[in-house]
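Here's the structure we're looking at; comments come further down.
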Amino acid sequence: MTQLPVRRSSWGALLFFAVLGLCLGSGVARAQLPATAMGTGAPDQGNPRVEAALLTDVSQVKPGDSFRIGVRFRMDPGWHIYWKNPGDSGLASEIVWDTPGTTVGELQWPTPITFRSPDGFITSYGYGEEVLLFAQAHVSDKLTGSAQLSAAADILVCETRCLPAQLMLTRNIPLGSETRPDSEHAPLFDEAHARVPVTPESSGYAVTLALDTKPLTAGRPFSGTLTVTSPKGQSVPKVEKDFFVPERIRGLARLALSPVDGKPGTFKLEGEAAPDVPEQEPRFVGVLRLGPASVGRPSLTLDLPLAPVVAAAPGSAPVVKPAPALKPPAVVASAVAPESSLSLGLVLVFAFLGGALLNLMPCVFPVLALKAYGFTRTVHAERGKVVLHAMAYAGGIIGSLLALALAVLGLRAGGHSVGWGFQFQEPLFVAAVAAVLVAFALNLFGVFTVGTDGTALVEKVDSSHGLARSAGEGVLAVVLATPCSAPLLGTAVGFALAAGPATVLATFFMLGLGLALPFCLLVLVPGLAKLLPKPGAWMERGKQLLGFALLGTTVWLVWVMGGLTGVDGMARLLSFLAVVGLGAWLYGLAQGSTGARKAAGVAAVVAVLAVGGIFSLRFEDTGPAVRKASAVGEAQPWDEAAVAAALEAGQPVFIDFTADWCLTCKFNERTVLTREDVRAAFAEHKVAFFVADWTRRDARISSKLAEFGRAGVPMYLVVSPDSPDKPEVLPELLTSDTVIDAVRRASKRMANAR
């Protein structure tokens, strides 16, 4: 009887060690994912929108064996990446392998899903939530030690906006006498493999294509019938919406499939050959999904010959296509003349909303970071100090905007034409702003402090981030906000500048309230302040990081100076900024002194800045800028006579009123005016493109802006030859839909007039 407990204990121990062995064995079969194999990208206000991991379906591989390797992407809800054919917009995802001693095959793409813009105009193809893009890999039988694997992923992550991401992922897979599967990741590869389209032959289906006419004619539409025959005894599954995804096909301008009612497996093919005859015969290439978008239903990869493409016969009549039904544009702004019937109340609302939207513009981002840092330090202090800081910040914004309004009224009274952002046409103003940003950055780096006596850490914090600092951040927010023109802002300011002094002051006051309100609410409304992190040691590093954000803005100002004064002006500005850095360093040394030595140090700083400014800040006004290049094709500098000549010749006209210091203008150029579909629309309708560059002072452009109730750039006009006196004014934030539809309307009015 005394032996029984011992036996039970022994069996229990044996069972424990057996379970432990199984767990350890399972752990061996599942490779631990190293930190270098994981990464994040596409940061959006500090939050990465995509996570990536370099995965394999083995934890150990035998030399000479094969395994699967891939990159798993996980996107935030609502965000997606793109397939190998992104569609109307986007960028194809790309993975480049670096695997010495290991050969990686062709990338396998699971069947994508279709994304459409809210108006249905733009269609793209890609993946949301999660996707594993993978390939088959083969290890050389001469490889020893471990297999070194690296993947460089270049993707575009999009929601309503798009963020690029470049990710470098690396890991090693040990080599051994046998290949061991990774029990955790192998099922992921199996699931991704089941979503990869298969050839019709391997799935038992037969696909045939019959064209109605052969050969195809360049620039002409064509049609045909695609027939899918199922294996014996099976019916062809009924397709659902977005069942076909075409690949990019050279020689074709358009390709679409539509199911024929009552005939499962039969599809109507419609397409259009490209205007130019391709070197090789185009092929019908794409993915056809049969049935619902699930793993259990096959997706077929199609690769069928079409027909040769020949040039249109000389003298043949062009094909006249029926004009598509025009969709109303997302936003179409009509010209607002100075005598506009806009009420003062509505203008003030526009000014307030436009000021609030300025917080989202890229010009103000560095100052937003400074504000967030400063408020984080003060919001956890006593309530009275928080309110004072918020009031000081709002006062800095409103006070500087009212000062700007008074300057505008003074210049207007002297007969000068002014507008929103006009101060950035002055090289000395640009130099002053750049100097302030460099000084702010050096302060954040700890080169000097503001107003501290060095007696205690608490006093240093209070002095360095006191009310004067909050007010100064408000002033800087206004200085950097004026190059940006938020939606609604141009109309409001344009109306104000054409009205009386009281309206100007009221409009700029409401603009300041809108600009200051979001961050003031964050610290004043009970409960919202809890969203801010607690002060801690992290803030010192964060403060230094924000200094680099300010230096980045300074780089932009140097570029603006190049547009105003050329390379010599950029060199002079950089020289002055070096002097500012020297002065800040000397001031920091003087702060550690007392009495006469401190006064001498401050005097040395003033002398250095004065002498440096005298010798470096000598800029010559070279007059209105001449635009060297345009965003869309070959553009001409804007001139009323040239515009009239183009309209007389029957060409629609697009006029881009822009400036190098206008970030909204540059955003529109990079994201809309350089798009292929916009370029194609300009070419199709023979649009004459003009650029009115307001980087430097130009009274003609100022007058034209005022004619349409605008006080600044951007402004975009589309003019039809049929109604040259009624141009269409496009919104300040463009979309490709807006531009293309406006060009089509202008061209259609011209055609109807004929």
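Please note that chains go A, B, ... in the order of the structure tokens, that every chain numbers its residues from 1, and that ligands are numbered from 1 in the order shown.
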I need the residues of stretch 176-327 of chain A that end up classed as helix (DSSP H, G or I) by DSSP on the backbone, written out as number ranges by chain. A: 186-194, 200-203
Sel. of strand (DSSP E or B) residues, stretch 144-320 of chain A, as a count of residues only: 82
For A:Leu188, which of A:Leu55, A:Ala152, A:Leu545, A:Ala596 is the closest residue, counting only C-alpha atoms?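 Nearest candidate to A:Leu188 out of A:Leu55, A:Ala152, A:Leu545, A:Ala596: A:Leu55.
With only C-alpha atoms taken into account, the protein and nucleic acid residues at most 10 Å from A:Leu156 (excluding it and anything under 4 positions from it in its own chain) are Gly41, Ala42, Val50, His80, Ile81, Tyr82, Gly90, Leu91, Ala92, Ser93, Glu94, Cys162, Leu163, Pro164, Ala165 and Gln166 of chain A.
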Can I get the selection written as a compact mmCIF listing (two decimals), in the first residue's frame, with N, CA and C atoms?
```txt
# COMPACT_ATOMS: atom_id res chain seq x y z
N GLY A 41 5.03 50.37 -41.50
CA GLY A 41 5.24 51.46 -42.45
C GLY A 41 4.00 52.29 -42.64
N ALA A 42 4.10 53.28 -43.52
CA ALA A 42 3.02 54.23 -43.82
C ALA A 42 2.51 54.90 -42.55
N VAL A 50 0.32 49.89 -41.85
CA VAL A 50 0.56 48.54 -42.36
C VAL A 50 1.64 47.89 -41.51
N HIS A 80 -5.82 49.69 -47.78
CA HIS A 80 -5.53 48.58 -48.68
C HIS A 80 -4.23 48.83 -49.43
N ILE A 81 -3.67 47.74 -49.98
CA ILE A 81 -2.53 47.83 -50.88
C ILE A 81 -2.97 47.30 -52.24
N TYR A 82 -2.07 47.31 -53.22
CA TYR A 82 -2.48 47.08 -54.60
C TYR A 82 -1.95 45.77 -55.17
N GLY A 90 -3.13 54.20 -58.03
CA GLY A 90 -2.35 53.37 -57.14
C GLY A 90 -1.02 52.97 -57.73
N LEU A 91 -0.35 52.07 -57.03
CA LEU A 91 0.98 51.62 -57.43
C LEU A 91 1.08 50.13 -57.13
N ALA A 92 1.52 49.37 -58.12
CA ALA A 92 1.64 47.92 -57.94
C ALA A 92 2.59 47.60 -56.79
N SER A 93 2.20 46.67 -55.92
CA SER A 93 3.07 46.23 -54.84
C SER A 93 4.27 45.49 -55.43
N GLU A 94 5.42 45.66 -54.81
CA GLU A 94 6.64 45.07 -55.34
C GLU A 94 7.46 44.48 -54.20
N CYS A 162 -3.21 58.29 -49.71
CA CYS A 162 -2.25 57.22 -49.92
C CYS A 162 -0.92 57.56 -49.25
N LEU A 163 -0.30 56.55 -48.65
CA LEU A 163 0.97 56.71 -47.97
C LEU A 163 1.93 55.64 -48.49
N PRO A 164 3.13 56.03 -48.93
CA PRO A 164 4.09 55.02 -49.39
C PRO A 164 4.76 54.33 -48.21
N ALA A 165 5.21 53.10 -48.42
CA ALA A 165 5.92 52.36 -47.39
C ALA A 165 7.01 51.53 -48.05
N GLN A 166 8.22 51.65 -47.52
CA GLN A 166 9.34 50.82 -47.96
C GLN A 166 9.82 50.02 -46.74
```
Could you pull the residues within 10 Å of stretch 718-721 of chain A, counting only C-alpha atoms, minus those fewer than 6 positions along the same chain, as a PyMOL selection string? chain A and resi 643-644+646-656+687-689+727-730+739+742-751+753
Export N, CA, C and O atoms of the chosen residues as a compact mmCIF listing (two decimals), in the first residue's frame?
```txt
# COMPACT_ATOMS: atom_id res chain seq x y z
N VAL A 643 -3.99 83.17 -74.37
CA VAL A 643 -5.24 82.47 -74.05
C VAL A 643 -6.29 82.78 -75.12
O VAL A 643 -7.00 81.89 -75.59
N ALA A 644 -6.39 84.05 -75.51
CA ALA A 644 -7.37 84.43 -76.53
C ALA A 644 -7.07 83.74 -77.85
O ALA A 644 -7.99 83.30 -78.56
N ALA A 646 -5.62 80.79 -78.27
CA ALA A 646 -5.99 79.37 -78.15
C ALA A 646 -7.50 79.20 -78.25
O ALA A 646 -7.99 78.27 -78.92
N LEU A 647 -8.25 80.07 -77.62
CA LEU A 647 -9.71 79.99 -77.70
C LEU A 647 -10.20 80.25 -79.12
O LEU A 647 -11.14 79.61 -79.61
N GLU A 648 -9.55 81.17 -79.80
CA GLU A 648 -9.92 81.47 -81.18
C GLU A 648 -9.68 80.27 -82.09
O GLU A 648 -10.42 80.03 -83.05
N ALA A 649 -8.64 79.47 -81.74
CA ALA A 649 -8.34 78.28 -82.53
C ALA A 649 -9.23 77.10 -82.17
O ALA A 649 -9.07 76.01 -82.73
N GLY A 650 -10.16 77.30 -81.22
CA GLY A 650 -11.09 76.23 -80.86
C GLY A 650 -10.60 75.29 -79.78
O GLY A 650 -11.14 74.19 -79.62
N GLN A 651 -9.58 75.69 -79.01
CA GLN A 651 -9.05 74.83 -77.96
C GLN A 651 -9.63 75.21 -76.61
O GLN A 651 -9.67 76.40 -76.26
N PRO A 652 -10.09 74.22 -75.81
CA PRO A 652 -10.39 74.51 -74.41
C PRO A 652 -9.10 74.92 -73.69
O PRO A 652 -8.00 74.50 -74.06
N VAL A 653 -9.23 75.73 -72.66
CA VAL A 653 -8.07 76.29 -71.96
C VAL A 653 -8.14 75.92 -70.48
O VAL A 653 -9.21 76.04 -69.86
N PHE A 654 -7.01 75.49 -69.93
CA PHE A 654 -6.88 75.25 -68.49
C PHE A 654 -5.78 76.16 -67.97
O PHE A 654 -4.66 76.16 -68.48
N ILE A 655 -6.11 76.98 -66.97
CA ILE A 655 -5.15 77.93 -66.41
C ILE A 655 -4.90 77.57 -64.95
O ILE A 655 -5.84 77.48 -64.15
N ASP A 656 -3.64 77.37 -64.61
CA ASP A 656 -3.21 77.01 -63.26
C ASP A 656 -2.54 78.22 -62.63
O ASP A 656 -1.43 78.59 -63.00
N VAL A 687 -6.37 70.34 -75.00
CA VAL A 687 -6.46 71.45 -74.06
C VAL A 687 -5.18 72.29 -74.13
O VAL A 687 -4.06 71.74 -74.12
N ALA A 688 -5.33 73.58 -74.20
CA ALA A 688 -4.20 74.50 -74.10
C ALA A 688 -3.96 74.78 -72.62
O ALA A 688 -4.85 75.28 -71.93
N PHE A 689 -2.76 74.46 -72.13
CA PHE A 689 -2.46 74.55 -70.70
C PHE A 689 -1.58 75.76 -70.44
O PHE A 689 -0.53 75.94 -71.06
N PRO A 727 -15.69 81.44 -67.62
CA PRO A 727 -14.83 80.31 -67.23
C PRO A 727 -15.37 79.61 -65.99
O PRO A 727 -16.05 80.23 -65.16
N GLU A 728 -15.06 78.34 -65.88
CA GLU A 728 -15.45 77.57 -64.70
C GLU A 728 -14.29 77.58 -63.71
O GLU A 728 -13.15 77.26 -64.06
N VAL A 729 -14.57 77.95 -62.47
CA VAL A 729 -13.56 78.00 -61.42
C VAL A 729 -13.63 76.68 -60.64
O VAL A 729 -14.66 76.35 -60.07
N LEU A 730 -12.53 75.95 -60.63
CA LEU A 730 -12.49 74.66 -59.95
C LEU A 730 -12.16 74.85 -58.47
O LEU A 730 -11.64 75.89 -58.07
N VAL A 739 -11.20 67.66 -62.59
CA VAL A 739 -10.48 68.22 -63.73
C VAL A 739 -10.98 67.61 -65.04
O VAL A 739 -11.28 68.32 -66.01
N ALA A 742 -14.52 68.73 -65.94
CA ALA A 742 -14.55 70.13 -66.38
C ALA A 742 -14.04 70.26 -67.81
O ALA A 742 -14.60 71.01 -68.62
N VAL A 743 -12.98 69.53 -68.13
CA VAL A 743 -12.44 69.57 -69.50
C VAL A 743 -13.46 69.01 -70.49
O VAL A 743 -13.65 69.55 -71.58
N ARG A 744 -14.13 67.93 -70.10
CA ARG A 744 -15.15 67.35 -70.98
C ARG A 744 -16.30 68.32 -71.21
O ARG A 744 -16.81 68.45 -72.33
N ARG A 745 -16.71 69.01 -70.14
CA ARG A 745 -17.81 69.98 -70.30
C ARG A 745 -17.41 71.10 -71.25
O ARG A 745 -18.19 71.51 -72.10
N ALA A 746 -16.17 71.59 -71.07
CA ALA A 746 -15.71 72.68 -71.95
C ALA A 746 -15.65 72.22 -73.40
O ALA A 746 -16.03 72.94 -74.32
N SER A 747 -15.17 70.99 -73.62
CA SER A 747 -15.08 70.46 -74.97
C SER A 747 -16.47 70.19 -75.55
O SER A 747 -16.72 70.43 -76.74
N LYS A 748 -17.39 69.72 -74.70
CA LYS A 748 -18.75 69.43 -75.18
C LYS A 748 -19.49 70.70 -75.58
O LYS A 748 -20.18 70.74 -76.59
N ARG A 749 -19.30 71.77 -74.79
CA ARG A 749 -19.95 73.04 -75.14
C ARG A 749 -19.45 73.53 -76.49
O ARG A 749 -20.21 74.04 -77.30
N MET A 750 -18.15 73.34 -76.73
CA MET A 750 -17.59 73.75 -78.02
C MET A 750 -18.19 72.92 -79.15
O MET A 750 -18.56 73.45 -80.20
N ALA A 751 -18.33 71.60 -78.93
CA ALA A 751 -18.88 70.73 -79.97
C ALA A 751 -20.34 71.07 -80.25
O ALA A 751 -20.79 71.08 -81.40
N ALA A 753 -21.74 73.93 -79.86
CA ALA A 753 -21.82 75.23 -80.54
C ALA A 753 -21.62 75.08 -82.04
O ALA A 753 -22.15 75.84 -82.85
```
Show me, as a list in words, the residues that have an atom within 12 Å of A:Val96 when counting only C-alpha atoms, minus same-chain residues fewer than 4 positions from it.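 My reading of the contact set: Gly70, Val71, Val104, Gly105, Glu106, Leu107, Leu133, Phe134, Ala135, Leu149, Ser150, Ala151, Ala152, Ala153, Asp154, Ile155, Gln166, Leu167, Met168, Leu169 and Thr170 of chain A.
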Considering only C-alpha atoms, can you say which of A:Arg541, A:Lys238, A:Arg68, A:Arg49 comes closest to A:Val260? A:Lys238
If we count only C-alpha atoms, what is near A:Thr123 at a cut-off of 12 Å, once residues fewer than 6 positions away on the same chain are taken out, given as JSON, numbers by chain? {"A": [82, 85, 86, 87, 88, 89, 90, 113, 114, 115, 116, 117, 242, 245, 246]}
With a distance cut-off of 12 Å and only C-alpha atoms, select the neighbouring residues of A:Gly581, excluding the residue or stretch itself and same-chain residues fewer than 2 positions from it, and output the selection as a PyMOL selection string. chain A and resi 434-443+445+447-448+551+574-579+583-588+605+608-609+612
